[in-house]
file protein.cif (mmCIF, C-alpha atoms and all ligand atoms)
data_data
#
loop_
_atom_site.group_PDB
_atom_site.id
_atom_site.type_symbol
_atom_site.label_atom_id
_atom_site.label_comp_id
_atom_site.auth_asym_id
_atom_site.auth_seq_id
_atom_site.Cartn_x
_atom_site.Cartn_y
_atom_site.Cartn_z
ATOM 1 C CA MET A 1 179.923 236.848 72.146
ATOM 2 C CA THR A 2 179.863 238.761 75.412
ATOM 3 C CA ASP A 3 182.964 237.729 77.401
ATOM 4 C CA ARG A 4 180.824 236.137 80.118
ATOM 5 C CA LEU A 5 183.814 233.983 81.144
ATOM 6 C CA LYS A 6 186.578 236.494 80.480
ATOM 7 C CA ASP A 7 189.838 235.519 82.262
ATOM 8 C CA LYS A 8 188.285 232.384 83.776
ATOM 9 C CA VAL A 9 190.036 229.010 83.535
ATOM 10 C CA ALA A 10 187.995 225.871 82.878
ATOM 11 C CA VAL A 11 188.714 222.134 82.791
ATOM 12 C CA ILE A 12 186.196 220.124 80.786
ATOM 13 C CA THR A 13 186.300 216.323 80.779
ATOM 14 C CA GLY A 14 184.960 214.444 77.775
ATOM 15 C CA ALA A 15 185.703 217.535 75.683
ATOM 16 C CA ALA A 16 186.736 215.695 72.510
ATOM 17 C CA SER A 17 183.136 215.095 71.420
ATOM 18 C CA GLY A 18 179.492 216.085 71.790
ATOM 19 C CA ILE A 19 178.406 218.164 74.780
ATOM 20 C CA GLY A 20 181.932 218.545 76.174
ATOM 21 C CA ALA A 21 183.275 219.795 72.844
ATOM 22 C CA GLY A 22 180.299 222.164 72.552
ATOM 23 C CA ALA A 23 180.991 223.513 76.044
ATOM 24 C CA ALA A 24 184.720 223.914 75.308
ATOM 25 C CA ARG A 25 184.013 225.937 72.168
ATOM 26 C CA LEU A 26 181.321 228.057 73.868
ATOM 27 C CA PHE A 27 183.386 228.747 77.005
ATOM 28 C CA HIS A 28 186.371 229.659 74.833
ATOM 29 C CA ALA A 29 184.247 231.987 72.716
ATOM 30 C CA GLU A 30 183.079 233.638 75.946
ATOM 31 C CA GLY A 31 186.660 234.447 76.900
ATOM 32 C CA ALA A 32 187.710 231.447 78.991
ATOM 33 C CA MET A 33 190.968 229.530 78.908
ATOM 34 C CA VAL A 34 190.094 225.846 78.545
ATOM 35 C CA VAL A 35 191.770 222.536 79.303
ATOM 36 C CA LEU A 36 190.170 219.764 77.256
ATOM 37 C CA ALA A 37 190.535 216.438 79.086
ATOM 38 C CA ASP A 38 189.550 213.273 77.243
ATOM 39 C CA MET A 39 190.643 209.732 76.388
ATOM 40 C CA GLN A 40 190.370 210.468 72.664
ATOM 41 C CA GLU A 41 193.668 212.122 71.875
ATOM 42 C CA GLY A 42 193.238 212.822 68.151
ATOM 43 C CA PRO A 43 189.923 214.699 68.218
ATOM 44 C CA GLY A 44 190.648 216.363 71.578
ATOM 45 C CA ALA A 45 194.029 217.706 70.505
ATOM 46 C CA ALA A 46 192.545 218.870 67.178
ATOM 47 C CA ILE A 47 189.888 220.977 68.952
ATOM 48 C CA ALA A 48 192.541 222.482 71.253
ATOM 49 C CA ARG A 49 194.732 223.331 68.237
ATOM 50 C CA ASP A 50 191.760 224.884 66.494
ATOM 51 C CA LEU A 51 190.958 227.047 69.540
ATOM 52 C CA GLY A 52 194.565 228.246 69.818
ATOM 53 C CA ALA A 53 196.617 229.806 72.604
ATOM 54 C CA ARG A 54 193.852 229.821 75.235
ATOM 55 C CA ALA A 55 193.369 226.024 74.994
ATOM 56 C CA ARG A 56 195.248 222.865 75.981
ATOM 57 C CA PHE A 57 194.498 219.174 75.568
ATOM 58 C CA ILE A 58 195.494 216.516 78.082
ATOM 59 C CA ARG A 59 194.879 212.799 77.676
ATOM 60 C CA THR A 60 192.688 211.880 80.645
ATOM 61 C CA ASP A 61 190.857 208.778 81.763
ATOM 62 C CA VAL A 62 188.344 209.986 84.357
ATOM 63 C CA THR A 63 188.486 206.627 86.133
ATOM 64 C CA SER A 64 192.089 207.494 87.088
ATOM 65 C CA GLU A 65 192.475 209.883 90.013
ATOM 66 C CA ALA A 66 196.027 210.700 88.903
ATOM 67 C CA ASP A 67 194.739 211.710 85.438
ATOM 68 C CA ILE A 68 192.074 214.017 86.885
ATOM 69 C CA ALA A 69 194.596 215.558 89.278
ATOM 70 C CA ALA A 70 196.945 216.143 86.322
ATOM 71 C CA ALA A 71 194.213 217.892 84.288
ATOM 72 C CA VAL A 72 193.477 220.233 87.198
ATOM 73 C CA ASP A 73 197.201 220.847 87.729
ATOM 74 C CA LEU A 74 197.650 221.667 84.028
ATOM 75 C CA ALA A 75 194.994 224.394 84.352
ATOM 76 C CA VAL A 76 196.968 225.897 87.235
ATOM 77 C CA SER A 77 200.406 225.642 85.572
ATOM 78 C CA ALA A 78 199.301 226.771 82.088
ATOM 79 C CA PHE A 79 196.694 229.392 82.986
ATOM 80 C CA GLY A 80 197.277 230.294 86.640
ATOM 81 C CA GLY A 81 194.283 228.753 88.399
ATOM 82 C CA LEU A 82 190.953 226.977 88.081
ATOM 83 C CA ASP A 83 187.590 228.745 88.112
ATOM 84 C CA ILE A 84 185.342 226.173 86.422
ATOM 85 C CA MET A 85 185.377 222.358 86.446
ATOM 86 C CA VAL A 86 183.007 220.441 84.174
ATOM 87 C CA ASN A 87 182.662 216.715 84.893
ATOM 88 C CA ASN A 88 181.142 215.662 81.592
ATOM 89 C CA ALA A 89 182.916 212.512 80.313
ATOM 90 C CA GLY A 90 180.475 209.682 79.877
ATOM 91 C CA ILE A 91 179.510 206.387 78.353
ATOM 92 C CA VAL A 92 176.184 204.592 78.097
ATOM 93 C CA GLY A 93 177.722 201.687 80.008
ATOM 94 C CA ALA A 94 176.037 198.449 80.994
ATOM 95 C CA VAL A 95 172.768 197.714 79.170
ATOM 96 C CA GLY A 96 170.326 194.832 79.358
ATOM 97 C CA SER A 97 168.278 193.123 82.036
ATOM 98 C CA ILE A 98 169.336 193.700 85.630
ATOM 99 C CA ARG A 99 169.156 189.924 86.013
ATOM 100 C CA GLU A 100 171.990 189.505 83.546
ATOM 101 C CA THR A 101 174.092 192.596 84.205
ATOM 102 C CA ALA A 102 177.661 191.598 85.059
ATOM 103 C CA ARG A 103 179.145 193.080 88.213
ATOM 104 C CA GLU A 104 182.235 194.317 86.333
ATOM 105 C CA ASP A 105 180.070 196.108 83.729
ATOM 106 C CA TRP A 106 178.121 197.800 86.550
ATOM 107 C CA ASP A 107 181.381 198.802 88.271
ATOM 108 C CA ARG A 108 182.909 200.178 85.069
ATOM 109 C CA THR A 109 179.791 202.301 84.378
ATOM 110 C CA LEU A 110 179.759 203.797 87.859
ATOM 111 C CA ALA A 111 183.524 204.334 87.738
ATOM 112 C CA VAL A 112 183.209 206.593 84.683
ATOM 113 C CA LEU A 113 179.925 208.359 85.439
ATOM 114 C CA LEU A 114 179.842 208.713 89.226
ATOM 115 C CA THR A 115 183.341 208.130 90.606
ATOM 116 C CA GLY A 116 184.738 210.269 87.779
ATOM 117 C CA ALA A 117 182.490 213.139 88.889
ATOM 118 C CA PHE A 118 183.457 212.573 92.542
ATOM 119 C CA MET A 119 187.158 212.823 91.687
ATOM 120 C CA GLY A 120 186.562 215.890 89.528
ATOM 121 C CA ILE A 121 184.773 217.637 92.400
ATOM 122 C CA LYS A 122 187.474 216.550 94.850
ATOM 123 C CA HIS A 123 190.412 217.860 92.810
ATOM 124 C CA ALA A 124 188.666 221.033 91.689
ATOM 125 C CA ALA A 125 187.883 221.776 95.358
ATOM 126 C CA ARG A 126 191.561 221.220 96.216
ATOM 127 C CA VAL A 127 192.437 224.251 94.085
ATOM 128 C CA MET A 128 189.268 226.332 94.528
ATOM 129 C CA VAL A 129 188.769 226.217 98.308
ATOM 130 C CA PRO A 130 192.041 228.020 99.208
ATOM 131 C CA ARG A 131 191.113 230.717 96.663
ATOM 132 C CA ARG A 132 187.569 230.888 98.037
ATOM 133 C CA ARG A 133 185.908 230.854 94.615
ATOM 134 C CA GLY A 134 184.921 228.494 91.815
ATOM 135 C CA SER A 135 182.080 226.806 89.993
ATOM 136 C CA ILE A 136 182.001 223.008 89.761
ATOM 137 C CA LEU A 137 179.605 221.488 87.262
ATOM 138 C CA SER A 138 178.649 217.955 86.349
ATOM 139 C CA VAL A 139 176.667 216.732 83.384
ATOM 140 C CA ALA A 140 173.898 214.518 84.763
ATOM 141 C CA SER A 141 170.927 213.422 82.631
ATOM 142 C CA THR A 142 167.161 213.241 82.630
ATOM 143 C CA ALA A 143 167.934 209.633 83.631
ATOM 144 C CA GLY A 144 169.265 211.165 86.859
ATOM 145 C CA VAL A 145 165.860 212.475 87.886
ATOM 146 C CA MET A 146 163.493 209.730 86.595
ATOM 147 C CA GLY A 147 163.565 205.996 86.165
ATOM 148 C CA GLY A 148 162.878 204.415 82.803
ATOM 149 C CA LEU A 149 164.898 206.824 80.668
ATOM 150 C CA GLY A 150 168.181 204.914 80.594
ATOM 151 C CA PRO A 151 169.869 201.634 81.489
ATOM 152 C CA HIS A 152 170.030 200.647 85.190
ATOM 153 C CA ALA A 153 173.674 201.462 85.919
ATOM 154 C CA TYR A 154 173.483 204.724 83.942
ATOM 155 C CA THR A 155 170.306 205.739 85.779
ATOM 156 C CA ALA A 156 171.777 204.914 89.183
ATOM 157 C CA ALA A 157 175.019 206.742 88.390
ATOM 158 C CA LYS A 158 173.245 209.871 87.139
ATOM 159 C CA HIS A 159 170.947 209.926 90.204
ATOM 160 C CA GLY A 160 174.208 209.697 92.156
ATOM 161 C CA VAL A 161 175.596 212.707 90.302
ATOM 162 C CA VAL A 162 172.489 214.743 91.195
ATOM 163 C CA GLY A 163 172.793 213.660 94.851
ATOM 164 C CA LEU A 164 176.525 214.322 95.004
ATOM 165 C CA THR A 165 175.930 217.781 93.530
ATOM 166 C CA LYS A 166 173.614 218.608 96.440
ATOM 167 C CA SER A 167 175.887 217.018 99.024
ATOM 168 C CA ALA A 168 179.118 218.638 97.809
ATOM 169 C CA SER A 169 177.395 222.016 97.480
ATOM 170 C CA SER A 170 176.384 221.818 101.137
ATOM 171 C CA GLU A 171 180.033 221.512 102.186
ATOM 172 C CA LEU A 172 181.686 223.826 99.671
ATOM 173 C CA ALA A 173 179.277 226.783 99.938
ATOM 174 C CA GLN A 174 181.057 227.974 103.099
ATOM 175 C CA HIS A 175 184.263 228.163 101.031
ATOM 176 C CA GLY A 176 182.722 230.251 98.247
ATOM 177 C CA VAL A 177 182.597 227.330 95.810
ATOM 178 C CA ARG A 178 179.344 226.554 93.972
ATOM 179 C CA VAL A 179 178.424 223.032 92.812
ATOM 180 C CA ASN A 180 175.703 222.520 90.209
ATOM 181 C CA ALA A 181 174.696 220.146 87.425
ATOM 182 C CA VAL A 182 173.009 220.240 84.051
ATOM 183 C CA ALA A 183 170.704 217.369 83.154
ATOM 184 C CA PRO A 184 170.341 217.149 79.370
ATOM 185 C CA GLY A 185 167.511 215.363 77.660
ATOM 186 C CA ASN A 186 168.101 213.616 74.346
ATOM 187 C CA THR A 187 170.866 215.508 72.570
ATOM 188 C CA VAL A 188 172.336 214.758 69.155
ATOM 189 C CA THR A 189 175.863 213.449 69.843
ATOM 190 C CA ALA A 190 177.931 210.375 68.983
ATOM 191 C CA MET A 191 176.559 208.665 72.097
ATOM 192 C CA THR A 192 172.885 209.044 71.192
ATOM 193 C CA ALA A 193 173.510 208.430 67.487
ATOM 194 C CA PHE A 194 175.020 205.062 68.364
ATOM 195 C CA VAL A 195 172.107 204.164 70.650
ATOM 196 C CA VAL A 196 169.418 205.379 68.242
ATOM 197 C CA THR A 197 170.829 204.221 64.884
ATOM 198 C CA GLY A 198 173.751 201.915 65.678
ATOM 199 C CA ASP A 199 176.044 204.389 63.884
ATOM 200 C CA ALA A 200 177.773 207.033 66.021
ATOM 201 C CA ALA A 201 178.158 209.276 62.945
ATOM 202 C CA ASP A 202 174.524 209.225 61.776
ATOM 203 C CA HIS A 203 173.455 212.530 63.311
ATOM 204 C CA GLU A 204 170.736 213.304 60.732
ATOM 205 C CA ALA A 205 168.605 210.235 61.450
ATOM 206 C CA THR A 206 169.242 210.755 65.181
ATOM 207 C CA ARG A 207 168.077 214.373 64.972
ATOM 208 C CA ALA A 208 164.841 213.337 63.250
ATOM 209 C CA ARG A 209 164.115 210.573 65.770
ATOM 210 C CA ILE A 210 164.781 212.818 68.780
ATOM 211 C CA ALA A 211 162.698 215.668 67.351
ATOM 212 C CA ALA A 212 159.758 213.314 66.773
ATOM 213 C CA GLY A 213 159.693 212.405 70.479
ATOM 214 C CA SER A 214 160.448 215.870 71.851
ATOM 215 C CA PRO A 215 157.662 217.884 73.569
ATOM 216 C CA LEU A 216 159.039 221.011 71.836
ATOM 217 C CA GLY A 217 159.295 219.191 68.518
ATOM 218 C CA ILE A 218 163.019 219.875 68.176
ATOM 219 C CA ALA A 219 166.157 217.863 68.888
ATOM 220 C CA GLY A 220 168.736 219.121 71.372
ATOM 221 C CA THR A 221 172.207 219.941 70.097
ATOM 222 C CA PRO A 222 175.393 220.031 72.227
ATOM 223 C CA GLU A 223 174.997 223.818 72.461
ATOM 224 C CA ASP A 224 171.734 223.458 74.419
ATOM 225 C CA PRO A 225 173.240 221.920 77.583
ATOM 226 C CA ALA A 226 176.411 223.969 76.957
ATOM 227 C CA TYR A 227 174.409 227.201 77.369
ATOM 228 C CA GLY A 228 173.077 225.837 80.685
ATOM 229 C CA LEU A 229 176.635 225.082 81.758
ATOM 230 C CA LEU A 230 177.691 228.579 80.665
ATOM 231 C CA TYR A 231 175.061 230.195 82.890
ATOM 232 C CA LEU A 232 175.966 228.083 85.923
ATOM 233 C CA ALA A 233 179.687 228.631 85.313
ATOM 234 C CA SER A 234 179.328 232.398 85.076
ATOM 235 C CA ASP A 235 179.039 234.978 87.850
ATOM 236 C CA GLU A 236 175.408 235.467 86.763
ATOM 237 C CA ALA A 237 174.722 232.293 88.795
ATOM 238 C CA ARG A 238 176.587 233.516 91.895
ATOM 239 C CA TYR A 239 173.474 232.837 94.054
ATOM 240 C CA VAL A 240 172.846 229.339 92.650
ATOM 241 C CA THR A 241 174.314 226.168 94.151
ATOM 242 C CA GLY A 242 173.199 222.575 94.655
ATOM 243 C CA HIS A 243 170.972 222.883 91.608
ATOM 244 C CA THR A 244 170.404 220.522 88.683
ATOM 245 C CA LEU A 245 169.204 222.405 85.624
ATOM 246 C CA LEU A 246 167.092 220.306 83.268
ATOM 247 C CA VAL A 247 167.701 221.066 79.595
ATOM 248 C CA ASP A 248 165.280 218.544 78.168
ATOM 249 C CA ALA A 249 162.543 220.258 76.117
ATOM 250 C CA GLY A 250 160.099 219.448 78.928
ATOM 251 C CA GLN A 251 160.528 215.692 78.686
ATOM 252 C CA THR A 252 160.577 215.128 82.458
ATOM 253 C CA THR A 253 158.038 217.795 83.396
ATOM 254 C CA GLY A 254 155.429 217.700 80.639
ATOM 255 C CA GLY A 255 156.131 214.492 78.776
ATOM 256 C CA THR A 256 153.125 213.776 76.642
ATOM 257 C CA ILE A 257 150.301 216.236 76.001
ATOM 258 C CA PRO A 258 147.154 215.156 77.899
ATOM 259 C CA ALA A 259 144.033 215.068 75.717
ATOM 260 C CA PHE A 260 142.204 217.578 77.955
ATOM 261 C CA HIS A 261 144.777 220.287 77.199
ATOM 262 C CA ASN A 262 143.475 220.544 73.647
ATOM 263 C CA GLY A 263 139.726 219.910 74.181
ATOM 264 C CA PRO A 264 136.992 222.557 74.587
ATOM 265 C CA ALA A 265 137.451 224.725 77.706
ATOM 266 C CA SER A 266 134.989 223.849 80.480
ATOM 267 C CA VAL A 267 134.933 222.785 84.148
ATOM 268 C CA ILE A 268 134.589 219.167 85.085
ATOM 269 C CA GLY A 269 132.901 219.038 88.504
ATOM 270 C CA ALA A 270 131.173 216.308 90.504
ATOM 271 C CA PRO A 271 128.588 214.499 88.388
ATOM 272 C CA ALA A 272 125.010 215.730 89.093
ATOM 273 C CA VAL A 273 123.173 213.503 91.579
ATOM 274 C CA GLY A 274 119.429 212.735 91.686
HETATM 275 N N1 LIG A 301 173.682 212.901 74.378
HETATM 276 C C1 LIG A 301 172.664 212.860 75.230
HETATM 277 O O1 LIG A 301 171.506 212.729 74.831
HETATM 278 C C2 LIG A 301 172.908 212.976 76.703
HETATM 279 C C3 LIG A 301 171.787 213.120 77.525
HETATM 280 C C4 LIG A 301 171.977 213.238 78.893
HETATM 281 C C5 LIG A 301 173.255 213.223 79.406
HETATM 282 N N2 LIG A 301 174.339 213.059 78.587
HETATM 283 C C6 LIG A 301 175.661 213.044 79.202
HETATM 284 O O2 LIG A 301 176.461 214.015 78.581
HETATM 285 C C7 LIG A 301 177.818 213.650 78.725
HETATM 286 C C8 LIG A 301 178.522 213.781 77.382
HETATM 287 O O3 LIG A 301 177.961 212.835 76.484
HETATM 288 P P1 LIG A 301 177.824 213.095 74.908
HETATM 289 O O4 LIG A 301 176.426 212.818 74.556
HETATM 290 O O5 LIG A 301 178.427 214.373 74.541
HETATM 291 O O6 LIG A 301 178.656 211.835 74.372
HETATM 292 P P2 LIG A 301 179.930 211.726 73.412
HETATM 293 O O7 LIG A 301 180.109 210.262 73.243
HETATM 294 O O8 LIG A 301 179.766 212.590 72.222
HETATM 295 O O9 LIG A 301 181.100 212.324 74.292
HETATM 296 C C9 LIG A 301 181.557 211.691 75.456
HETATM 297 C C10 LIG A 301 183.041 211.977 75.600
HETATM 298 O O10 LIG A 301 183.481 211.390 76.826
HETATM 299 C C11 LIG A 301 184.727 210.780 76.599
HETATM 300 N N3 LIG A 301 184.957 209.714 77.576
HETATM 301 C C12 LIG A 301 184.293 208.542 77.728
HETATM 302 N N4 LIG A 301 184.836 207.833 78.726
HETATM 303 C C13 LIG A 301 185.865 208.565 79.220
HETATM 304 C C14 LIG A 301 186.802 208.371 80.259
HETATM 305 N N5 LIG A 301 186.823 207.260 80.994
HETATM 306 N N6 LIG A 301 187.718 209.347 80.488
HETATM 307 C C15 LIG A 301 187.717 210.477 79.744
HETATM 308 N N7 LIG A 301 186.870 210.708 78.733
HETATM 309 C C16 LIG A 301 185.950 209.764 78.485
HETATM 310 C C17 LIG A 301 184.642 210.231 75.178
HETATM 311 O O11 LIG A 301 185.929 209.986 74.644
HETATM 312 C C18 LIG A 301 183.877 211.343 74.483
HETATM 313 O O12 LIG A 301 184.746 212.293 73.906
HETATM 314 C C19 LIG A 301 177.828 212.253 79.318
HETATM 315 O O13 LIG A 301 178.078 212.309 80.714
HETATM 316 C C20 LIG A 301 176.426 211.761 79.047
HETATM 317 O O14 LIG A 301 176.025 210.779 79.973
HETATM 318 C C21 LIG A 301 174.189 212.940 77.242
#
call {"tool": "encode", "arguments": {"input": "protein.cif", "output": "structure tokens", "more": "lines below"}}
Ligand SMILES: NC(=O)c1ccc[n+]([C@@H]2O[C@H](COP(=O)([O-])OP(=O)(O)OC[C@H]3O[C@@H](n4cnc5c(N)ncnc54)[C@H](O)[C@@H]3O)[C@@H](O)[C@H]2O)c1
result
Amino acid sequence: MTDRLKDKVAVITGAASGIGAGAARLFHAEGAMVVLADMQEGPGAAIARDLGARARFIRTDVTSEADIAAAVDLAVSAFGGLDIMVNNAGIVGAVGSIRETAREDWDRTLAVLLTGAFMGIKHAARVMVPRRRGSILSVASTAGVMGGLGPHAYTAAKHGVVGLTKSASSELAQHGVRVNAVAPGNTVTAMTAFVVTGDAADHEATRARIAAGSPLGIAGTPEDPAYGLLYLASDEARYVTGHTLLVDAGQTTGGTIPAFHNGPASVIGAPAVG
């Protein structure tokens, strides 16, 4: 490891599992002090214990503004500040036809995925703006840049995260604070395993299914979006703000391989007339 985040302090929500846990371990290995904020106390506290003195766990529900404020305040009291905020906690949320989606299921989904990110940006900015530095990150999704890749509420919320990233960056740039997002494609975690196989622990079958549909022929692991987060968190990205970095094996840009990519090379012009 290369100490890319040496002496930086990070709060990561949803850090007890999947992408958040991958980011917590990677940031820590790169020298950061990390606050793991999650509803799952057992696994979250276990990762913090495993990481040691430069890590803390705090039970956090990202739908509670007081909980998010407390996670940010813990970073300041335990480690002396906040340099990096990662709004990552997520659920799949409401699924099914839009005609049958219950209002409360819609609200709950947006509360976790979009309002949670809003409150994370708000409270990170509270600490970062007076210090005139910081990197705020949110984990969006390919479903935040295209329709048809996720359920309705999830898709709307993740598009909201991409929009809020641009909007917040346009205010906070003048204060030296950058705001970016990473949009993962299908990544092998408990969330996708449950969707793909019905069993949150069945990562092998999930990996095979994701790889089969991936333009690169491989399945994403939590480290893939975590490396994107690492870049955007680090000073290497000091000139980057308002950006959403796709980490999706080309799913949203290339998708399927058109037949003419692999045919004989020639030029198709206007058909000859006469
Ligand atoms: N796995 C993928 O393929 C994929 C793709 C695109 C985007 N994402 C996004 O990545 C993020 C992380 O998902 P993951 O795949 O690692 O899933 P995961 O289920 O492994 O982890 C999600 C974590 O969020 C926590 N969480 C859920 N609701 C919470 C709340 N209200 N307050 C605090 N913590 C809460 C869970 O306890 C869990 O530890 C999510 O925002 C998800 O939408 C995932």
call {"tool": "closest_residue", "arguments": {"input": "protein.cif", "among": "A:Gly263, A:Gly144, A:Gly220, A:Pro215", "to": "Val182 in chain A", "atoms": "only C-alpha atoms"}}
result
A:Gly144
call {"tool": "closest_residue", "arguments": {"input": "protein.cif", "among": "A:His152, A:His243, A:Arg207, A:His159", "to": "Ile136 in chain A", "atoms": "only C-alpha atoms"}}
result
A:His243
call {"tool": "residues_near_ligand", "arguments": {"input": "protein.cif", "ligand": "ligand LIG 301 (chain A)", "cutoff": "7 Å", "atoms": "all atoms listed in the file", "output": "MDAnalysis selection string"}}
result
chainID A and resid 13:20 37:40 60:63 88:92 112:113 139:142 183:192 222
call {"tool": "resolve_selection", "arguments": {"input": "protein.cif", "expression": "the PyMOL selection byres (((chain A and resi 31) around 12) and not hetatm)", "output": "list in words"}}
result
Met1, Thr2, Asp3, Arg4, Leu5, Lys6, Asp7, Lys8, Val9, Ala10, Ala24, Arg25, Leu26, Phe27, His28, Ala29, Glu30, Ala32, Met33, Val34, Leu51, Ala53, Arg54, Ala55, Leu230 and Ser234 of chain A
call {"tool": "atom_distance", "arguments": {"input": "protein.cif", "atom1": "CA of Asp67 in chain A", "atom2": "CA of Arg126 in chain A"}}
result
14.7 Å
call {"tool": "resolve_selection", "arguments": {"input": "protein.cif", "expression": "the PyMOL selection byres (((chain A and resi 156) around 10) and not hetatm)", "output": "compact mmCIF listing (two decimals) with C-alpha atoms, keeping the file's coordinate frame"}}
result
# COMPACT_ATOMS: atom_id res chain seq x y z
CA TRP A 106 178.12 197.80 86.55
CA THR A 109 179.79 202.30 84.38
CA LEU A 110 179.76 203.80 87.86
CA LEU A 113 179.92 208.36 85.44
CA LEU A 114 179.84 208.71 89.23
CA ALA A 143 167.93 209.63 83.63
CA GLY A 144 169.26 211.16 86.86
CA VAL A 145 165.86 212.48 87.89
CA MET A 146 163.49 209.73 86.60
CA GLY A 147 163.56 206.00 86.16
CA GLY A 150 168.18 204.91 80.59
CA PRO A 151 169.87 201.63 81.49
CA HIS A 152 170.03 200.65 85.19
CA ALA A 153 173.67 201.46 85.92
CA TYR A 154 173.48 204.72 83.94
CA THR A 155 170.31 205.74 85.78
CA ALA A 157 175.02 206.74 88.39
CA LYS A 158 173.24 209.87 87.14
CA HIS A 159 170.95 209.93 90.20
CA GLY A 160 174.21 209.70 92.16
CA VAL A 161 175.60 212.71 90.30
